[in-house]
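model-v1.pdb (PDB, C-alpha atoms) appears below.
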```
ATOM      1  CA  MET Q   1      58.823 -29.943 -70.035
ATOM      2  CA  GLY Q   2      61.560 -27.876 -68.470
ATOM      3  CA  PHE Q   3      63.007 -26.147 -71.534
ATOM      4  CA  THR Q   4      59.884 -24.402 -72.786
ATOM      5  CA  PHE Q   5      61.066 -21.114 -71.305
ATOM      6  CA  ILE Q   6      64.051 -21.226 -73.678
ATOM      7  CA  GLU Q   7      62.208 -22.367 -76.783
ATOM      8  CA  PRO Q   8      58.437 -22.994 -76.750
ATOM      9  CA  ARG Q   9      58.706 -25.261 -79.807
ATOM     10  CA  VAL Q  10      60.571 -27.834 -77.685
ATOM     11  CA  VAL Q  11      57.395 -29.382 -76.276
ATOM     12  CA  PRO Q  12      55.866 -30.601 -79.558
ATOM     13  CA  VAL Q  13      59.241 -31.883 -80.751
ATOM     14  CA  ALA Q  14      59.811 -33.730 -77.472
ATOM     15  CA  GLU Q  15      56.302 -35.202 -77.729
ATOM     16  CA  LEU Q  16      57.027 -36.300 -81.308
ATOM     17  CA  ILE Q  17      60.231 -38.011 -80.191
ATOM     18  CA  GLY Q  18      58.493 -39.632 -77.210
ATOM     19  CA  THR Q  19      55.619 -40.882 -79.334
ATOM     20  CA  SER Q  20      58.006 -42.282 -81.931
ATOM     21  CA  PHE Q  21      60.100 -44.038 -79.306
ATOM     22  CA  SER Q  22      57.000 -45.503 -77.641
ATOM     23  CA  TYR Q  23      56.514 -47.740 -80.699
ATOM     24  CA  ILE Q  24      59.911 -49.397 -80.218
ATOM     25  CA  PRO Q  25      59.463 -52.771 -78.510
ATOM     26  CA  LYS Q  26      61.431 -53.357 -75.311
ATOM     27  CA  ARG Q  27      62.483 -56.775 -76.590
ATOM     28  CA  GLY Q  28      62.515 -58.494 -79.922
ATOM     29  CA  PRO Q  29      62.783 -57.300 -83.470
ATOM     30  CA  ILE Q  30      61.651 -53.906 -84.679
ATOM     31  CA  SER Q  31      58.910 -54.188 -87.302
ATOM     32  CA  GLU Q  32      59.004 -52.446 -90.664
ATOM     33  CA  GLY Q  33      56.322 -49.977 -89.578
ATOM     34  CA  VAL Q  34      58.359 -48.872 -86.576
ATOM     35  CA  LEU Q  35      61.444 -48.513 -88.759
ATOM     36  CA  LEU Q  36      59.467 -46.212 -91.063
ATOM     37  CA  ILE Q  37      58.372 -44.123 -88.079
ATOM     38  CA  LEU Q  38      61.975 -43.816 -86.903
ATOM     39  CA  GLN Q  39      63.169 -43.028 -90.419
ATOM     40  CA  GLY Q  40      60.623 -40.217 -90.628
ATOM     41  CA  LEU Q  41      61.693 -38.903 -87.228
ATOM     42  CA  VAL Q  42      65.374 -38.882 -88.201
ATOM     43  CA  SER Q  43      64.497 -37.171 -91.468
ATOM     44  CA  LEU Q  44      62.625 -34.417 -89.621
ATOM     45  CA  LEU Q  45      65.354 -33.968 -87.016
ATOM     46  CA  GLN Q  46      68.060 -33.608 -89.688
ATOM     47  CA  ASN Q  47      66.555 -30.364 -90.955
ATOM     48  CA  PRO Q  48      65.203 -27.977 -88.303
ATOM     49  CA  VAL Q  49      63.386 -25.854 -90.904
ATOM     50  CA  ASN Q  50      61.431 -28.868 -92.159
ATOM     51  CA  LEU Q  51      60.818 -29.991 -88.588
ATOM     52  CA  PHE Q  52      59.257 -26.695 -87.543
ATOM     53  CA  GLU Q  53      57.245 -26.479 -90.775
ATOM     54  CA  HIS Q  54      55.918 -29.955 -90.010
ATOM     55  CA  MET Q  55      55.090 -28.971 -86.425
ATOM     56  CA  ASN Q  56      53.298 -25.805 -87.626
ATOM     57  CA  LEU Q  57      51.293 -27.871 -90.085
ATOM     58  CA  LEU Q  58      50.318 -30.307 -87.322
ATOM     59  CA  GLU Q  59      49.303 -27.427 -85.062
ATOM     60  CA  HIS Q  60      47.217 -25.869 -87.845
ATOM     61  CA  THR Q  61      45.573 -29.242 -88.563
ATOM     62  CA  GLN Q  62      44.753 -29.682 -84.878
ATOM     63  CA  LYS Q  63      43.129 -26.249 -84.775
ATOM     64  CA  ILE Q  64      41.008 -27.145 -87.796
ATOM     65  CA  LEU Q  65      39.953 -30.411 -86.174
ATOM     66  CA  GLU Q  66      38.991 -28.530 -83.024
ATOM     67  CA  GLY Q  67      37.055 -25.952 -85.052
ATOM     68  CA  LYS Q  68      39.332 -23.083 -84.017
ATOM     69  CA  ASN Q  69      40.342 -22.071 -87.525
ATOM     70  CA  GLN Q  70      38.870 -18.797 -88.808
ATOM     71  CA  ALA Q  71      37.819 -20.389 -92.095
ATOM     72  CA  MET Q  72      36.138 -23.280 -90.289
ATOM     73  CA  VAL Q  73      34.269 -20.898 -87.990
ATOM     74  CA  ALA Q  74      33.012 -19.000 -91.042
ATOM     75  CA  VAL Q  75      31.949 -22.215 -92.776
ATOM     76  CA  LYS Q  76      30.163 -23.488 -89.671
ATOM     77  CA  SER Q  77      28.222 -20.241 -89.409
ATOM     78  CA  LEU Q  78      26.743 -20.685 -92.865
ATOM     79  CA  THR Q  79      23.367 -22.306 -93.043
ATOM     80  CA  VAL Q  80      22.607 -24.723 -95.825
ATOM     81  CA  PRO Q  81      19.026 -24.690 -97.046
ATOM     82  CA  ARG Q  82      17.333 -28.060 -96.862
ATOM     83  CA  PHE Q  83      14.907 -29.058 -99.565
TER      84      PHE Q  83
END
```
Could you spell out this file's structure in structure tokens?
Amino acid sequence: MGFTFIEPRVVPVAELIGTSFSYIPKRGPISEGVLLILQGLVSLLQNPVNLFEHMNLLEHTQKILEGKNQAMVAVKSLTVPRF
């Protein structure tokens, strides 16, 4: 991604757009599910504040899933007694 030096948040937004567009069939009708994906994308792109809040939430969720969140590290370090 060539524009990351200008704005590092470009990469996740470009990936979101690319992923959304990948669901569009090359030929034939667009299904209702794909229309909902595109509607969500347009909704996010209309409001940059909401878009970046969404991207931050996704990044935070990914960190939790990878176990990189401080709270998750603390929880994993606790031992649960087994009876």
Spell out the residues picked by the PyMOL selection byres ((chain Q and resi 16) around 12) here, as a ChimeraX atom specification. /Q:9-15,17-23,37-38,40-42,44-45,51-52,54-55,58
Atom CA of Q:Ser31 sits from atom CA of Q:Val49 at a separation of 28.9 Å
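With atom CA of Q:Leu57 on one side and atom CA of Q:Ser43 on the other, the separation reads 16.2 Å.
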Taking all atoms of stretch 13-25 of chain Q that the file lists, what box with edges along x, y and z, padded by 6 Å per side, do you get, with centre and edge lengths in Å to one decimal, as JSON?
```
{"center_x": 57.9, "center_y": -42.3, "center_z": -79.6, "size_x": 16.6, "size_y": 32.9, "size_z": 16.7}
```
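For the pair atom CA of Q:His60 and atom CA of Q:Glu32, the separation is 29.2 Å.
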